[in-house]
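Novice: The structure's right below; bear with me while I get my questions together.
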Amino acid sequence: MAEVTVNPSAATAPVMEEVSGPWRDAWRAFRKNKTALAGLVIIVFFIFIALIAPLIAPFDYKEQQLMDRLKPPSSTHWFGTDDLGRDLFTRVLYGARISLWVGFFSVIGSIVAGTALGIIAGYFGKWADMIISRLFDILLAFPSILLAIAIVAILGPSLQNALYAIAIVNIPTYGRLVRAKVLSLKNEEYITSAKAIGMKNMRILLSHILPNSLTPIIVQGTLGIAHAIIEAAALGFLGLGAQPPEPEWGKMLSDSRQFIQKAPWTVVFPGVSIMLTVLGFNLLGDGLRDVLDPRMKN
Amino acid sequence: MSETLLEVQHLKKYFPIRKGLWNKTRGYVKAVDDISFSVRRGETFGLVGESGCGKSTTGRSILRLIEPSEGKVIFEGREITGLPDEAMRKQRRDMQIVFQDPFSSLDPRHSVQRILEEPLIVHGIKSRKERQQRIEKLIDVVGLTRTHLHRYPHQFSGGQRQRIGIARALTLQPKLIVADEPVSALDVSIQSQVINLLQDLQNEFRLTYIFIAHDLSVVKHICDRVAVMYLGRIVEIANKHQLYDMPQHPYTQALLSAVPEPDPDLKRQRIILQGEVPSPANAPVGCAFHTRCPKAMQVCTEVRPQLLDTGGGHMTACHLYTPASSGME
């Protein structure tokens, strides 16, 4: 930044102009997209709840009040209590932490691994592509939840391992996406021109290929978080994810399913929370696709 | 002026055709099939031919953007085919390329500033001030202004983008620029501006151009010498006066007769070629042109004609001009 003030000729002219760039243009378009904004609002709301859960939760999520089992929603227990007399409002608040944590980090893991593999496969081709693509095919040959179950079975049931399993299962999704994108980018003339300039492969990958393959990853990643949250809930439901007394939404559903008739609130609130978060990410993902994907324009 | 800058010897580029389960090579597309020529320092060397004749592949093979299958490229007396990666990377400073499509040759995510600065960074010009000076000078030279530096490619017209592409090629102060159909994608009104710019730059920086084109009138305007390509081979090389006034090869004659004439009263003989261009995967034996040549002889179907000097540096690969050909090989 200091350079700009040193060099007066560079500082004077460009300031007048409206700042524009691919990302800024996308943000401008995004602001006009109502559904995407709604999605963003929902997500921000849940992130906010997750962050301040310890401050606003009226009880401890582990605290059992066996006298108050399966109480309907009331002024003390806003969402009622579960079969062990734990406050559901508190547990749903803390559940947001777990679901968002699993969602974000499993997707980040899948994206990092998938992008690295996809770029290598797409850019270098030949045997690297052969090996990586077959690896993806093998991973994709299993139904994803089955593979996740197998991985958790090997690693042992815990939330952490469920996160790893979900990350591994989703690597091919991003890997294939990136590979396809890189294959099409490779033939762009600006890549040839980068070579003509004398850029090294690594620099071409980081400076040209990666930034240009980013938009589909962002879109897929946003939708992927929704998917990962559902998978985590499913693993939790099967008892392979979060372990008691962790307040994971999917786990809460499975623990309460025998009380659906008697105490529907035990299922409704975690269920609605899952649905809303997933909806938020889906809306945002669709909106981002509209904004970032040039093929969707008009 | 007559010093040789670039020499191409027996350059070949064969693309394998792979088929079947095991990707077995079932033949080759001979995109560039044994061509040789030399380019003098400071001249504009034209490479013309219809689409698919291998002129772009030739241009890119010379710069090793496509690795040639065989043959030598000698730049300033140094053979660059076979140079190790790092040495080749350094060599690239001296030889640049301007692309046909100004819409795909600039990274949409980079500002003009970054597009022009990148080559300088890559080649280790550390001082930011020096880079900035060079960039600002170049943007002036190609007829844009400094305010343009902070914009992105999509904010420019085709002609402006091509100017940016040219500026990028110039940042490293190259000696040779391969201009791969630099004006074909532009409006006619813009074409002349860009061509004039290229000519001005040539005078200012003592550039040598290899100018690839299919528009013969553009080539006539800008080039000193012209090579005509057909099916991956050079059929004729001559300076532009020889070529345009006295074309020797029947293909060149047909090609030139197709150039539109501004005077509607001027009657002339239009040579209409029969048939299609054969596939470069299955080029005819002998002279590649014999299947369509109005003057084909028996020898044309058997012996491939050599590119020979028919006088005054006018080189033609045609049996019509080599009376001794019957005795060859």
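To be explicit about the labels: the chains of the structure tokens are called A, B, and onward in the order shown, and within each one the residues are counted from 1, while ligands get numbers from 1 in the order they are shown.
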Taking the DSSP assignment computed from this structure's backbone, write out as a ChimeraX atom specification all residues of segment 55-241 of chain B that belong to strand (DSSP E or B).
Specialist: /B:70-75,78-79,95-98,176-180,208-213,225-230,233-239
Novice: I'd like the neighbourhood of Gln155 of chain B as a VMD selection string, where a residue qualifies if any of its atoms comes within 10 Å (using only C-alpha atoms), though same-chain residues fewer than 4 positions away should be ignored.
Specialist: (chain A and resid 20 to 21) or (chain B and resid 108 148 151 160 to 161)
Novice: Restrict the calculation to only C-alpha atoms, then for each residue of chain B with any atom at most 8 Å from an atom of chain A give the closest atom pair and their distance in Å to one decimal, rows by chain and rising residue number, as a Markdown table.
Specialist:
```
| residue | atom | partner | partner_atom | distance |
| --- | --- | --- | --- | --- |
| B:Leu63 | CA | A:Ala196 | CA | 7.4 |
| B:Leu65 | CA | A:Ala196 | CA | 6.7 |
| B:Met88 | CA | A:Gly198 | CA | 7.9 |
| B:Arg89 | CA | A:Gly198 | CA | 4.6 |
| B:Lys90 | CA | A:Gly198 | CA | 6.9 |
| B:Arg92 | CA | A:Gly198 | CA | 5.8 |
| B:Arg93 | CA | A:Ile197 | CA | 6.9 |
| B:Gln96 | CA | A:Ala196 | CA | 6.3 |
| B:Ile97 | CA | A:Ala196 | CA | 7.0 |
| B:Phe99 | CA | A:Glu189 | CA | 7.4 |
| B:Asp101 | CA | A:Glu189 | CA | 8.0 |
| B:Ser104 | CA | A:Glu189 | CA | 5.5 |
| B:Ser105 | CA | A:Tyr190 | CA | 4.2 |
| B:Leu106 | CA | A:Tyr190 | CA | 5.2 |
| B:Asp107 | CA | A:Tyr190 | CA | 5.6 |
| B:Pro108 | CA | A:Pro22 | CA | 7.7 |
| B:Arg109 | CA | A:Pro22 | CA | 6.2 |
| B:Ser111 | CA | A:Gly21 | CA | 7.8 |
| B:Pro119 | CA | A:Ile197 | CA | 5.7 |
| B:Val122 | CA | A:Met199 | CA | 6.1 |
| B:His123 | CA | A:Gly198 | CA | 7.7 |
| B:Arg146 | CA | A:Ala13 | CA | 7.7 |
| B:Thr147 | CA | A:Pro14 | CA | 5.4 |
| B:His150 | CA | A:Pro14 | CA | 7.0 |
| B:Arg151 | CA | A:Ser20 | CA | 7.0 |
| B:Tyr152 | CA | A:Gly21 | CA | 6.3 |
| B:Ala169 | CA | A:Ile197 | CA | 7.9 |
```
Novice: Quick one: pull the distance between atom CA of Gly49 of chain B and atom CA of Met229 of chain B, Å, one decimal.
Specialist: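 According to the coordinates, atom CA of Gly49 of chain B and atom CA of Met229 of chain B are separated by 5.0 Å.
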Novice: Might you pull out every residue within 7 Å of segment 226-230 of chain A, with only C-alpha atoms counted and same-chain residues fewer than 5 positions away left off, and present them as a ChimeraX atom specification?
Specialist: /A:99,102-103,166,278,281-282
Novice: Please provide as a list in words all residues within 8 Å of Leu170 of chain B, with the sequence filter that same-chain residues fewer than 3 positions apart are discarded (counting only C-alpha atoms).
Specialist: Gln96, Leu138, Ile166, Ala167, Gln173 and Pro174 of chain B
Novice: Using N, CA and C atoms, can you export the residues from the last selection as a tab-separated table (two decimals), in the first residue's frame?
Specialist:
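Now in part.tsv:
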```tsv
chain	number	residue	atom	x	y	z
B	96	GLN	N	7.66	-14.51	-28.48
B	96	GLN	CA	6.32	-14.42	-27.91
B	96	GLN	C	5.25	-14.69	-28.96
B	138	LEU	N	4.20	0.61	-21.95
B	138	LEU	CA	3.60	-0.30	-22.93
B	138	LEU	C	2.13	0.03	-23.20
B	166	ILE	N	-1.26	-7.82	-27.34
B	166	ILE	CA	-0.01	-7.40	-27.98
B	166	ILE	C	0.92	-6.80	-26.94
B	167	ALA	N	0.35	-5.99	-26.04
B	167	ALA	CA	1.19	-5.39	-25.00
B	167	ALA	C	1.83	-6.46	-24.13
B	173	GLN	N	10.15	-7.66	-24.11
B	173	GLN	CA	11.00	-7.16	-25.19
B	173	GLN	C	11.55	-8.29	-26.06
B	174	PRO	N	10.63	-9.04	-26.68
B	174	PRO	CA	11.05	-10.19	-27.48
B	174	PRO	C	11.67	-9.77	-28.81
```
Novice: I'd like to know which residues of segment 77-252 of chain A are alpha helix (DSSP H) (by DSSP, run on the backbone); could you write them as a ChimeraX atom specification?
Specialist: /A:88-124,126-141,144-155,159-186,189-197,201-204,210-237,249-252
Novice: Atom CA of Ser56 of chain B and atom CA of Val182 of chain A, how far apart in Å?
Specialist: 23.1 Å
Novice: I'd like the interatomic distance between atom CA of Pro73 of chain A and atom CA of Ala234 of chain A, to a tenth of an Å.
Specialist: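 If I compute the distance from atom CA of Pro73 of chain A to atom CA of Ala234 of chain A, I get 25.8 Å.
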